[in-house]
file input25.pdb (PDB, C-alpha atoms and all ligand atoms)
ATOM      1  CA  MET A   1      -7.939  -7.688 -18.285
ATOM      2  CA  LYS A   2     -10.333  -5.306 -16.655
ATOM      3  CA  SER A   3      -9.078  -1.804 -16.306
ATOM      4  CA  VAL A   4      -8.900  -0.335 -12.865
ATOM      5  CA  ASP A   5     -11.779   2.022 -12.382
ATOM      6  CA  SER A   6     -11.291   5.139 -10.386
ATOM      7  CA  GLY A   7     -14.774   4.680  -8.986
ATOM      8  CA  SER A   8     -16.237   5.173  -5.636
ATOM      9  CA  LEU A   9     -15.223   3.640  -2.404
ATOM     10  CA  LEU A  10     -16.203   5.722   0.566
ATOM     11  CA  PRO A  11     -19.591   7.287   1.312
ATOM     12  CA  ARG A  12     -20.270  10.817   0.289
ATOM     13  CA  ARG A  13     -20.813  13.107   3.146
ATOM     14  CA  GLY A  14     -24.414  12.728   4.245
ATOM     15  CA  GLU A  15     -25.117   9.529   2.344
ATOM     16  CA  GLY A  16     -25.461   5.961   3.487
ATOM     17  CA  GLU A  17     -22.258   3.996   3.601
ATOM     18  CA  ASP A  18     -23.775   1.271   1.491
ATOM     19  CA  GLU A  19     -24.047   3.537  -1.483
ATOM     20  CA  GLY A  20     -20.363   4.329  -1.722
ATOM     21  CA  VAL A  21     -19.614   7.283  -3.924
ATOM     22  CA  SER A  22     -16.730   9.275  -5.196
ATOM     23  CA  SER A  23     -14.408  11.427  -3.212
ATOM     24  CA  ARG A  24     -15.752  14.454  -4.986
ATOM     25  CA  GLY A  25     -19.204  14.405  -3.386
ATOM     26  CA  HIS A  26     -20.399  17.693  -1.954
ATOM     27  CA  SER A  27     -24.022  17.226  -0.945
ATOM     28  CA  PRO A  28     -24.957  19.009   2.272
ATOM     29  CA  HIS A  29     -26.020  17.086   5.327
ATOM     30  CA  PRO A  30     -27.011  18.135   8.819
ATOM     31  CA  ASN A  31     -24.510  15.767  10.359
ATOM     32  CA  PRO A  32     -21.628  15.695   7.903
ATOM     33  CA  ARG A  33     -19.031  12.980   7.783
ATOM     34  CA  PRO A  34     -15.424  14.013   7.269
ATOM     35  CA  ARG A  35     -14.523  14.858   3.689
ATOM     36  CA  TRP A  36     -11.324  14.925   1.711
ATOM     37  CA  GLY A  37      -9.244  17.802   2.852
ATOM     38  CA  GLU A  38     -11.176  18.120   6.089
ATOM     39  CA  GLY A  39      -9.244  15.692   8.169
ATOM     40  CA  GLY A  40     -10.368  12.584   6.300
ATOM     41  CA  TYR A  41     -11.224   9.199   7.733
ATOM     42  CA  GLY A  42      -9.723   7.732  10.856
ATOM     43  CA  ILE A  43      -7.922   4.403  10.476
ATOM     44  CA  SER A  44     -10.512   2.315  12.275
ATOM     45  CA  GLU A  45     -13.436   3.914  10.442
ATOM     46  CA  LEU A  46     -11.669   3.403   7.147
ATOM     47  CA  LEU A  47     -10.964  -0.254   7.950
ATOM     48  CA  THR A  48     -14.621  -0.893   8.715
ATOM     49  CA  LEU A  49     -15.729   0.701   5.461
ATOM     50  CA  LEU A  50     -13.072  -1.025   3.394
ATOM     51  CA  THR A  51     -13.860  -4.429   4.873
ATOM     52  CA  LYS A  52     -17.523  -3.997   4.095
ATOM     53  CA  HIS A  53     -16.664  -2.816   0.637
ATOM     54  CA  LEU A  54     -14.425  -5.788  -0.156
ATOM     55  CA  THR A  55     -16.709  -8.454   1.300
ATOM     56  CA  SER A  56     -18.159  -9.435  -2.069
ATOM     57  CA  TYR A  57     -14.750  -9.605  -3.673
ATOM     58  CA  SER A  58     -12.464 -11.296  -1.215
ATOM     59  CA  ASP A  59     -12.421 -14.306   1.079
ATOM     60  CA  ALA A  60     -10.522 -12.298   3.648
ATOM     61  CA  PRO A  61     -11.858  -8.757   3.336
ATOM     62  CA  HIS A  62     -10.682  -7.571   6.743
ATOM     63  CA  LEU A  63      -7.183  -8.892   6.178
ATOM     64  CA  ASP A  64      -7.072  -7.298   2.738
ATOM     65  CA  ALA A  65      -8.260  -3.989   4.200
ATOM     66  CA  GLU A  66      -5.581  -4.112   6.884
ATOM     67  CA  ARG A  67      -2.831  -4.942   4.408
ATOM     68  CA  ILE A  68      -3.878  -2.155   2.066
ATOM     69  CA  VAL A  69      -4.015   0.478   4.802
ATOM     70  CA  LEU A  70      -0.723  -0.685   6.326
ATOM     71  CA  HIS A  71       0.907  -0.541   2.905
ATOM     72  CA  VAL A  72      -0.291   2.997   2.263
ATOM     73  CA  LEU A  73       0.862   4.049   5.742
ATOM     74  CA  LYS A  74       4.220   2.327   5.072
ATOM     75  CA  LYS A  75       3.867   0.264   8.232
ATOM     76  CA  ARG A  76       4.176  -3.486   8.703
ATOM     77  CA  GLU A  77       2.677  -4.397  12.057
ATOM     78  CA  PRO A  78      -1.118  -4.827  12.246
ATOM     79  CA  ALA A  79      -0.853  -3.656  15.892
ATOM     80  CA  TYR A  80      -0.082  -0.190  14.513
ATOM     81  CA  LEU A  81      -3.644   0.051  13.217
ATOM     82  CA  LEU A  82      -5.117  -0.576  16.651
ATOM     83  CA  ALA A  83      -2.698   1.726  18.390
ATOM     84  CA  HIS A  84      -3.512   4.546  15.951
ATOM     85  CA  ALA A  85      -7.196   3.787  15.417
ATOM     86  CA  THR A  86      -8.261   7.429  15.365
ATOM     87  CA  ASP A  87      -5.355   8.804  13.300
ATOM     88  CA  LYS A  88      -6.597  10.409  10.109
ATOM     89  CA  LEU A  89      -5.309   9.562   6.655
ATOM     90  CA  SER A  90      -4.446  12.351   4.248
ATOM     91  CA  ASP A  91      -6.338  12.910   0.992
ATOM     92  CA  GLN A  92      -3.435  11.421  -0.880
ATOM     93  CA  GLN A  93      -3.431   8.318   1.293
ATOM     94  CA  ILE A  94      -7.190   7.858   0.965
ATOM     95  CA  GLN A  95      -6.818   8.061  -2.798
ATOM     96  CA  GLU A  96      -4.115   5.416  -2.730
ATOM     97  CA  VAL A  97      -6.306   3.165  -0.580
ATOM     98  CA  THR A  98      -9.217   3.702  -2.964
ATOM     99  CA  ALA A  99      -7.149   2.837  -6.021
ATOM    100  CA  MET A 100      -5.866  -0.363  -4.391
ATOM    101  CA  ALA A 101      -9.319  -1.439  -3.228
ATOM    102  CA  ASN A 102     -10.680  -0.870  -6.721
ATOM    103  CA  ARG A 103      -7.952  -3.072  -8.129
ATOM    104  CA  ARG A 104      -8.858  -5.770  -5.606
ATOM    105  CA  LYS A 105     -12.428  -5.579  -6.843
ATOM    106  CA  THR A 106     -11.261  -6.699 -10.276
ATOM    107  CA  GLY A 107     -10.073  -9.946  -8.676
ATOM    108  CA  MET A 108      -6.412  -8.995  -8.841
ATOM    109  CA  PRO A 109      -4.597 -10.871  -6.049
ATOM    110  CA  LEU A 110      -3.525  -8.692  -3.162
ATOM    111  CA  ALA A 111       0.112  -9.701  -3.634
ATOM    112  CA  TYR A 112       0.201  -8.022  -7.055
ATOM    113  CA  ILE A 113      -1.551  -4.938  -5.736
ATOM    114  CA  LEU A 114       0.920  -4.564  -2.879
ATOM    115  CA  GLY A 115       3.843  -5.695  -5.050
ATOM    116  CA  GLU A 116       5.011  -8.017  -2.319
ATOM    117  CA  VAL A 117       4.165 -11.199  -0.482
ATOM    118  CA  ASP A 118       5.291 -12.997   2.650
ATOM    119  CA  PHE A 119       6.814 -16.420   2.262
ATOM    120  CA  PHE A 120       8.524 -18.484   4.943
ATOM    121  CA  GLY A 121       8.617 -15.462   7.241
ATOM    122  CA  ARG A 122      10.237 -13.124   4.728
ATOM    123  CA  THR A 123       8.898 -10.554   2.303
ATOM    124  CA  PHE A 124       9.466 -10.939  -1.452
ATOM    125  CA  ILE A 125       8.725  -8.685  -4.383
ATOM    126  CA  VAL A 126       6.154 -10.062  -6.812
ATOM    127  CA  THR A 127       4.782  -8.661 -10.054
ATOM    128  CA  PRO A 128       2.410 -10.198 -12.620
ATOM    129  CA  ASP A 129       5.564 -11.558 -14.314
ATOM    130  CA  VAL A 130       5.926 -14.173 -11.600
ATOM    131  CA  LEU A 131       3.727 -16.700  -9.864
ATOM    132  CA  ILE A 132       2.480 -15.766  -6.401
ATOM    133  CA  PRO A 133       4.025 -18.158  -3.886
ATOM    134  CA  ARG A 134       1.592 -20.813  -2.641
ATOM    135  CA  PRO A 135       1.423 -21.865   1.008
ATOM    136  CA  ASP A 136       2.155 -25.452  -0.115
ATOM    137  CA  THR A 137       5.541 -24.331  -1.303
ATOM    138  CA  GLU A 138       6.504 -23.668   2.318
ATOM    139  CA  THR A 139       6.002 -27.391   2.886
ATOM    140  CA  LEU A 140       8.238 -28.076  -0.101
ATOM    141  CA  ILE A 141      10.973 -26.001   1.524
ATOM    142  CA  GLU A 142      10.589 -27.855   4.824
ATOM    143  CA  LYS A 143      10.800 -31.210   3.073
ATOM    144  CA  ALA A 144      13.854 -30.110   1.126
ATOM    145  CA  ILE A 145      15.698 -28.954   4.232
ATOM    146  CA  GLU A 146      14.809 -32.145   6.037
ATOM    147  CA  TYR A 147      16.115 -34.144   3.097
ATOM    148  CA  ILE A 148      19.320 -32.158   2.775
ATOM    149  CA  ILE A 149      20.110 -32.458   6.452
ATOM    150  CA  ARG A 150      19.393 -36.149   6.418
ATOM    151  CA  HIS A 151      21.444 -36.931   3.379
ATOM    152  CA  ALA A 152      24.373 -34.733   3.119
ATOM    153  CA  GLY A 153      24.251 -31.178   4.226
ATOM    154  CA  LEU A 154      25.267 -31.239   7.824
ATOM    155  CA  ARG A 155      26.851 -34.561   8.489
ATOM    156  CA  PRO A 156      30.156 -34.245  10.312
ATOM    157  CA  GLY A 157      33.252 -34.784   8.302
ATOM    158  CA  ILE A 158      31.773 -34.111   4.896
ATOM    159  CA  HIS A 159      33.017 -30.932   3.407
ATOM    160  CA  GLU A 160      32.579 -30.988  -0.317
ATOM    161  CA  GLU A 161      30.232 -28.561  -1.979
ATOM    162  CA  ILE A 162      26.710 -29.587  -2.855
ATOM    163  CA  THR A 163      24.789 -27.878  -5.622
ATOM    164  CA  ILE A 164      21.075 -27.233  -5.374
ATOM    165  CA  ALA A 165      19.057 -26.128  -8.398
ATOM    166  CA  ASP A 166      15.672 -24.408  -8.437
ATOM    167  CA  ILE A 167      14.066 -24.962 -11.824
ATOM    168  CA  CYS A 168      11.401 -22.393 -12.873
ATOM    169  CA  THR A 169      12.462 -20.116 -10.083
ATOM    170  CA  GLY A 170       9.882 -17.371 -10.755
ATOM    171  CA  SER A 171      10.243 -14.834  -7.946
ATOM    172  CA  GLY A 172      13.133 -16.880  -6.578
ATOM    173  CA  ILE A 173      11.382 -17.769  -3.321
ATOM    174  CA  ILE A 174      12.543 -21.381  -3.257
ATOM    175  CA  VAL A 175      16.226 -20.891  -3.946
ATOM    176  CA  ILE A 176      16.497 -17.740  -1.812
ATOM    177  CA  THR A 177      14.719 -19.323   1.152
ATOM    178  CA  LEU A 178      16.886 -22.426   0.899
ATOM    179  CA  ALA A 179      20.058 -20.338   0.699
ATOM    180  CA  LEU A 180      19.053 -18.393   3.812
ATOM    181  CA  GLU A 181      17.799 -21.345   5.820
ATOM    182  CA  LEU A 182      20.811 -23.516   5.013
ATOM    183  CA  GLU A 183      23.121 -20.638   5.878
ATOM    184  CA  LYS A 184      21.383 -20.410   9.263
ATOM    185  CA  LEU A 185      21.877 -24.123   9.803
ATOM    186  CA  MET A 186      25.505 -23.934   8.787
ATOM    187  CA  GLN A 187      26.063 -21.184  11.334
ATOM    188  CA  LEU A 188      24.637 -23.413  14.017
ATOM    189  CA  LYS A 189      26.988 -26.241  13.099
ATOM    190  CA  ALA A 190      29.744 -24.283  11.463
ATOM    191  CA  ASN A 191      32.533 -26.826  11.510
ATOM    192  CA  GLU A 192      30.480 -29.709  10.267
ATOM    193  CA  ALA A 193      28.804 -28.060   7.371
ATOM    194  CA  LYS A 194      29.344 -28.561   3.707
ATOM    195  CA  SER A 195      29.234 -25.545   1.506
ATOM    196  CA  TYR A 196      26.333 -25.051  -0.816
ATOM    197  CA  ARG A 197      26.076 -23.711  -4.284
ATOM    198  CA  PHE A 198      22.740 -22.534  -5.657
ATOM    199  CA  ILE A 199      21.575 -22.261  -9.237
ATOM    200  CA  ALA A 200      18.171 -21.073 -10.418
ATOM    201  CA  THR A 201      16.700 -21.105 -13.894
ATOM    202  CA  ASP A 202      13.653 -19.557 -15.518
ATOM    203  CA  ILE A 203      12.682 -19.108 -19.145
ATOM    204  CA  SER A 204      11.332 -15.637 -18.450
ATOM    205  CA  PRO A 205      13.871 -12.802 -18.358
ATOM    206  CA  ALA A 206      11.372 -10.689 -16.397
ATOM    207  CA  ALA A 207      11.137 -13.409 -13.745
ATOM    208  CA  ILE A 208      14.921 -13.706 -13.533
ATOM    209  CA  ALA A 209      15.111  -9.938 -12.953
ATOM    210  CA  ILE A 210      12.610 -10.149 -10.074
ATOM    211  CA  ALA A 211      14.381 -13.161  -8.570
ATOM    212  CA  LYS A 212      17.729 -11.338  -8.707
ATOM    213  CA  GLN A 213      16.179  -8.323  -7.027
ATOM    214  CA  ASN A 214      14.759 -10.529  -4.283
ATOM    215  CA  ALA A 215      18.115 -12.237  -3.819
ATOM    216  CA  GLN A 216      19.753  -8.843  -3.487
ATOM    217  CA  ASN A 217      17.157  -7.657  -0.971
ATOM    218  CA  HIS A 218      17.848 -10.724   1.139
ATOM    219  CA  GLY A 219      21.623 -10.489   0.874
ATOM    220  CA  VAL A 220      22.167 -13.690  -1.123
ATOM    221  CA  ALA A 221      22.776 -12.267  -4.599
ATOM    222  CA  ASP A 222      26.363 -13.535  -4.538
ATOM    223  CA  THR A 223      25.352 -17.002  -3.397
ATOM    224  CA  ILE A 224      22.932 -17.788  -6.209
ATOM    225  CA  GLU A 225      23.603 -18.065  -9.913
ATOM    226  CA  PHE A 226      20.492 -17.104 -11.884
ATOM    227  CA  ILE A 227      20.358 -18.400 -15.444
ATOM    228  CA  GLU A 228      17.768 -17.535 -18.087
ATOM    229  CA  GLY A 229      16.737 -20.679 -19.897
ATOM    230  CA  ASP A 230      14.149 -23.388 -20.218
ATOM    231  CA  MET A 231      13.992 -25.966 -17.449
ATOM    232  CA  LEU A 232      17.236 -27.970 -17.437
ATOM    233  CA  ASP A 233      18.509 -26.619 -20.766
ATOM    234  CA  PRO A 234      21.056 -24.316 -19.138
ATOM    235  CA  PHE A 235      22.726 -27.375 -17.661
ATOM    236  CA  ASP A 236      24.320 -28.768 -20.698
ATOM    237  CA  PHE A 237      25.039 -32.148 -19.240
ATOM    238  CA  ALA A 238      25.968 -33.642 -22.595
ATOM    239  CA  GLN A 239      28.743 -31.185 -23.265
ATOM    240  CA  GLY A 240      31.330 -31.472 -20.605
ATOM    241  CA  LYS A 241      28.877 -30.882 -17.744
ATOM    242  CA  PRO A 242      29.587 -27.346 -16.655
ATOM    243  CA  HIS A 243      27.205 -27.887 -13.773
ATOM    244  CA  LYS A 244      27.064 -30.744 -11.375
ATOM    245  CA  ILE A 245      23.693 -30.812  -9.671
ATOM    246  CA  ASP A 246      23.081 -32.770  -6.515
ATOM    247  CA  LEU A 247      19.478 -31.862  -5.882
ATOM    248  CA  ILE A 248      16.613 -30.154  -7.680
ATOM    249  CA  VAL A 249      13.995 -28.376  -5.608
ATOM    250  CA  SER A 250      11.230 -27.088  -7.830
ATOM    251  CA  ASN A 251       7.644 -26.040  -8.173
ATOM    252  CA  PRO A 252       7.221 -26.397 -11.953
ATOM    253  CA  PRO A 253       4.010 -25.478 -13.806
ATOM    254  CA  TYR A 254       1.576 -28.352 -13.262
ATOM    255  CA  ILE A 255      -1.932 -27.253 -14.234
ATOM    256  CA  GLN A 256      -3.451 -29.037 -17.214
ATOM    257  CA  THR A 257      -3.695 -26.920 -20.359
ATOM    258  CA  SER A 258      -7.398 -27.742 -20.750
ATOM    259  CA  GLU A 259      -8.110 -26.547 -17.227
ATOM    260  CA  LEU A 260      -6.445 -23.236 -17.970
ATOM    261  CA  ASP A 261      -8.217 -22.996 -21.331
ATOM    262  CA  ALA A 262     -11.512 -23.286 -19.467
ATOM    263  CA  ILE A 263     -10.573 -20.503 -17.102
ATOM    264  CA  TYR A 264      -9.429 -18.183 -19.873
ATOM    265  CA  SER A 265     -12.256 -19.143 -22.201
ATOM    266  CA  PRO A 266     -14.453 -16.383 -23.613
ATOM    267  CA  GLN A 267     -17.365 -18.816 -23.097
ATOM    268  CA  GLN A 268     -16.817 -18.365 -19.430
ATOM    269  CA  PRO A 269     -16.971 -14.617 -19.261
ATOM    270  CA  TYR A 270     -14.999 -13.033 -16.542
ATOM    271  CA  LEU A 271     -17.456 -11.148 -14.390
ATOM    272  CA  PRO A 272     -15.647  -9.700 -11.439
ATOM    273  CA  HIS A 273     -18.802  -9.112  -9.442
ATOM    274  CA  PHE A 274     -19.785 -12.755  -9.542
ATOM    275  CA  ASN A 275     -16.469 -14.494  -9.816
ATOM    276  CA  ALA A 276     -14.119 -12.512  -7.671
ATOM    277  CA  LYS A 277     -14.234 -15.043  -4.861
ATOM    278  CA  ARG A 278     -13.791 -18.087  -7.057
ATOM    279  CA  TRP A 279     -10.503 -19.781  -6.451
ATOM    280  CA  ASN A 280      -9.315 -19.450 -10.001
ATOM    281  CA  VAL A 281      -9.924 -15.762 -10.622
ATOM    282  CA  GLY A 282      -6.492 -14.895  -9.285
ATOM    283  CA  LEU A 283      -4.973 -17.239 -11.881
ATOM    284  CA  LEU A 284      -6.114 -14.896 -14.630
ATOM    285  CA  PHE A 285      -3.608 -12.365 -13.383
ATOM    286  CA  GLU A 286      -0.702 -14.788 -13.133
ATOM    287  CA  PRO A 287       1.658 -15.634 -16.006
ATOM    288  CA  ARG A 288       0.204 -18.598 -17.843
ATOM    289  CA  ILE A 289       3.666 -19.841 -18.635
ATOM    290  CA  ALA A 290       4.214 -20.372 -14.896
ATOM    291  CA  LEU A 291       1.045 -22.455 -14.589
ATOM    292  CA  ASP A 292       0.627 -24.484 -17.770
ATOM    293  CA  GLY A 293       1.987 -27.993 -17.329
ATOM    294  CA  GLY A 294       0.884 -29.288 -20.748
ATOM    295  CA  PRO A 295      -1.973 -31.653 -21.654
ATOM    296  CA  ASP A 296      -1.667 -33.794 -18.531
ATOM    297  CA  GLY A 297      -0.059 -31.156 -16.353
ATOM    298  CA  GLN A 298       3.003 -33.366 -15.993
ATOM    299  CA  LYS A 299       5.171 -32.151 -18.851
ATOM    300  CA  PHE A 300       7.703 -30.316 -16.698
ATOM    301  CA  VAL A 301       7.391 -32.648 -13.744
ATOM    302  CA  ASN A 302       8.355 -35.509 -16.078
ATOM    303  CA  GLN A 303      11.310 -33.594 -17.494
ATOM    304  CA  ILE A 304      12.667 -33.274 -13.993
ATOM    305  CA  LYS A 305      11.850 -36.859 -13.122
ATOM    306  CA  THR A 306      13.664 -38.214 -16.140
ATOM    307  CA  SER A 307      16.736 -36.070 -15.630
ATOM    308  CA  GLY A 308      18.155 -38.650 -13.256
ATOM    309  CA  ILE A 309      18.892 -35.982 -10.667
ATOM    310  CA  PRO A 310      17.467 -36.366  -7.158
ATOM    311  CA  ALA A 311      14.572 -33.951  -6.928
ATOM    312  CA  ILE A 312      11.968 -32.712  -4.544
ATOM    313  CA  ILE A 313       9.126 -31.243  -6.548
ATOM    314  CA  GLU A 314       5.669 -29.915  -6.018
ATOM    315  CA  THR A 315       3.521 -31.918  -8.403
ATOM    316  CA  THR A 316      -0.117 -30.993  -7.952
ATOM    317  CA  GLY A 317      -0.473 -27.939  -5.808
ATOM    318  CA  GLY A 318      -2.408 -30.013  -3.328
ATOM    319  CA  ALA A 319       0.515 -30.232  -0.944
ATOM    320  CA  ILE A 320       1.636 -33.329  -2.797
ATOM    321  CA  ILE A 321       5.333 -33.305  -2.975
ATOM    322  CA  THR A 322       7.208 -35.934  -4.859
ATOM    323  CA  LEU A 323      10.649 -37.075  -4.026
ATOM    324  CA  VAL A 324      12.268 -38.559  -7.088
ATOM    325  CA  GLN A 325      15.495 -40.523  -7.355
ATOM    326  CA  PRO A 326      15.876 -40.475  -3.596
ATOM    327  CA  LEU A 327      19.195 -41.322  -2.081
ATOM    328  CA  PRO A 328      19.102 -44.148   0.444
ATOM    329  CA  LEU A 329      18.422 -42.892   3.925
ATOM    330  CA  LYS A 330      21.458 -42.800   6.180
TER     331      LYS A 330
HETATM  332  N1  LIG A 401       9.295 -21.155  -7.781
HETATM  333  C1  LIG A 401       8.252 -20.189  -7.867
HETATM  334  C2  LIG A 401       7.154 -20.522  -6.887
HETATM  335  O1  LIG A 401       7.078 -21.610  -6.394
HETATM  336  C3  LIG A 401       7.692 -20.100  -9.277
HETATM  337  C4  LIG A 401       7.122 -21.407  -9.779
HETATM  338  C5  LIG A 401       6.609 -21.321 -11.208
HETATM  339  O2  LIG A 401       6.775 -20.328 -11.916
HETATM  340  N2  LIG A 401       5.937 -22.355 -11.627
HETATM  341  O3  LIG A 401       6.338 -19.699  -6.581
END

call {"tool": "encode", "arguments": {"input": "input25.pdb", "output": "structure tokens", "more": "lines below"}}
Ligand code: GLN
result
Amino acid sequence: MKSVDSGSLLPRRGEGEDEGVSSRGHSPHPNPRPRWGEGGYGISELLTLLTKHLTSYSDAPHLDAERIVLHVLKKREPAYLLAHATDKLSDQQIQEVTAMANRRKTGMPLAYILGEVDFFGRTFIVTPDVLIPRPDTETLIEKAIEYIIRHAGLRPGIHEEITIADICTGSGIIVITLALELEKLMQLKANEAKSYRFIATDISPAAIAIAKQNAQNHGVADTIEFIEGDMLDPFDFAQGKPHKIDLIVSNPPYIQTSELDAIYSPQQPYLPHFNAKRWNVGLLFEPRIALDGGPDGQKFVNQIKTSGIPAIIETTGGAIITLVQPLPLK
């Protein structure tokens, strides 16, 4: 992977903004721009420069610029940037912004640079050990909730526990969001609700650690059992079934191996300047194990399908969600 260069971002005092040079520039100019240690750049000026700078590398350069500056300022609301348009950033903050923008130029997804991502209205930690949540997965959550409500979850008079499993949990977004959303629904209809049990598996210990951290941050660490293991292996159905699973909700790896091979291929050299906007550049930074669905992309999807357990799974990434072994509608 390309190393992060510590190169230039902002114009040297007295030079055109297009040239972008290092923070150590000292050339004299009759009408000097602010310099490090001299009050620095104001927020709005910095945003303009950053946006311009990221235009060749991002589909949403202004949004990226805003997120980077907000992150460095430790603020969340974009309105803050408008309200403090002329506030100056410190040298240290400018350096942090520069380092992040330079990482973005390598094609690294913003979520990895910030170390977090928003999903279903909540913020989750992400690192290159886990897949970055896709917008389609929000639809998967909606479908799952709809299904659960329709079939079992909130019908009056039914009180037994139902167990929901998230297979290949990655950052844990699916199981954590379901735990929180179903808890909200149970509060609304407290006396009618069943109780839920959540289990999440992932083959990657690093992913399990991130998912646990996210569960803790969202106050559901005690509600979810995280198990390290491949797919459905941790549920040893054959031997005395330690786990009864009522529903699988999962976004398993589903990209064809050959498609990934093409992306990673040395014959297709990775040139950040030309490729940074291509849809697949971000994939290079994500764990291949979370993407590779085997020769036809269906290896893991089929494992779930043949398990005999009702499942709602994301199967193509194109917002196509498959409901397998559905229960009859009530
Ligand atoms: N469940 C996580 C997500 O949807 C991770 C999926 C995976 O690793 N394939 O983002």

call {"tool": "resolve_selection", "arguments": {"input": "input25.pdb", "expression": "the PyMOL selection byres (((not hetatm)) within 7 of (chain A and resi 401))", "output": "list in words"}}
result
Val130, Leu131, Ile132, Pro133, Arg134, Thr137, Cys168, Thr169, Gly170, Ser171, Gly172, Ile173, Ile174, Ser250, Asn251, Pro252, Pro253, Ala290 and Leu291 of chain A

call {"tool": "write_last_selection", "arguments": {"input": "input25.pdb", "atoms": "C-alpha atoms", "output": "CSV table (one decimal), in the coordinates of the input"}}
result
chain,number,residue,atom,x,y,z
A,130,VAL,CA,5.9,-14.2,-11.6
A,131,LEU,CA,3.7,-16.7,-9.9
A,132,ILE,CA,2.5,-15.8,-6.4
A,133,PRO,CA,4.0,-18.2,-3.9
A,134,ARG,CA,1.6,-20.8,-2.6
A,137,THR,CA,5.5,-24.3,-1.3
A,168,CYS,CA,11.4,-22.4,-12.9
A,169,THR,CA,12.5,-20.1,-10.1
A,170,GLY,CA,9.9,-17.4,-10.8
A,171,SER,CA,10.2,-14.8,-7.9
A,172,GLY,CA,13.1,-16.9,-6.6
A,173,ILE,CA,11.4,-17.8,-3.3
A,174,ILE,CA,12.5,-21.4,-3.3
A,250,SER,CA,11.2,-27.1,-7.8
A,251,ASN,CA,7.6,-26.0,-8.2
A,252,PRO,CA,7.2,-26.4,-12.0
A,253,PRO,CA,4.0,-25.5,-13.8
A,290,ALA,CA,4.2,-20.4,-14.9
A,291,LEU,CA,1.0,-22.5,-14.6

call {"tool": "closest_residue", "arguments": {"input": "input25.pdb", "among": "A:Tyr196, A:Ile176, A:Ala60, A:Ile141", "to": "Arg122 (chain A)", "atoms": "only C-alpha atoms"}}
result
A:Ile176

call {"tool": "closest_residue", "arguments": {"input": "input25.pdb", "among": "A:Ser258, A:Thr163, A:Ser204, A:Thr51", "to": "Ile224 (chain A)", "atoms": "all atoms listed in the file"}}
result
A:Thr163

call {"tool": "closest_residue", "arguments": {"input": "input25.pdb", "among": "A:Val249, A:Leu232, A:Ile309, A:Val117", "to": "Glu142 (chain A)", "atoms": "all atoms listed in the file"}}
result
A:Val249

call {"tool": "residues_around", "arguments": {"input": "input25.pdb", "residues": "Ala200 (chain A)", "least_positions_apart": "5", "cutoff": "9 Å", "atoms": "all atoms listed in the file", "output": "list in words"}}
result
Ile164, Ala165, Asp166, Ile167, Cys168, Thr169, Gly172, Val175, Ile208, Ala211, Ile224, Glu225, Phe226, Ile227 and Glu228 of chain A

call {"tool": "resolve_selection", "arguments": {"input": "input25.pdb", "expression": "the PyMOL selection byres (((chain A and resi 54) around 10) and not hetatm)", "output": "PDB file with C-alpha atoms, keeping the file's coordinate frame"}}
result
ATOM      1  CA  LEU A   9     -15.223   3.640  -2.404  1.00  0.00           C
ATOM      2  CA  LEU A  49     -15.729   0.701   5.461  1.00  0.00           C
ATOM      3  CA  LEU A  50     -13.072  -1.025   3.394  1.00  0.00           C
ATOM      4  CA  THR A  51     -13.860  -4.429   4.873  1.00  0.00           C
ATOM      5  CA  LYS A  52     -17.523  -3.997   4.095  1.00  0.00           C
ATOM      6  CA  HIS A  53     -16.664  -2.816   0.637  1.00  0.00           C
ATOM      7  CA  THR A  55     -16.709  -8.454   1.300  1.00  0.00           C
ATOM      8  CA  SER A  56     -18.159  -9.435  -2.069  1.00  0.00           C
ATOM      9  CA  TYR A  57     -14.750  -9.605  -3.673  1.00  0.00           C
ATOM     10  CA  SER A  58     -12.464 -11.296  -1.215  1.00  0.00           C
ATOM     11  CA  ASP A  59     -12.421 -14.306   1.079  1.00  0.00           C
ATOM     12  CA  ALA A  60     -10.522 -12.298   3.648  1.00  0.00           C
ATOM     13  CA  PRO A  61     -11.858  -8.757   3.336  1.00  0.00           C
ATOM     14  CA  HIS A  62     -10.682  -7.571   6.743  1.00  0.00           C
ATOM     15  CA  ASP A  64      -7.072  -7.298   2.738  1.00  0.00           C
ATOM     16  CA  ALA A  65      -8.260  -3.989   4.200  1.00  0.00           C
ATOM     17  CA  ALA A 101      -9.319  -1.439  -3.228  1.00  0.00           C
ATOM     18  CA  ASN A 102     -10.680  -0.870  -6.721  1.00  0.00           C
ATOM     19  CA  ARG A 104      -8.858  -5.770  -5.606  1.00  0.00           C
ATOM     20  CA  LYS A 105     -12.428  -5.579  -6.843  1.00  0.00           C
TER      21      LYS A 105
END

call {"tool": "residues_near_point", "arguments": {"input": "input25.pdb", "point": "(27.8, -30.3, -8.0)", "cutoff": "7 Å", "atoms": "all atoms listed in the file", "output": "ChimeraX atom specification"}}
result
/A:161-163,243-246
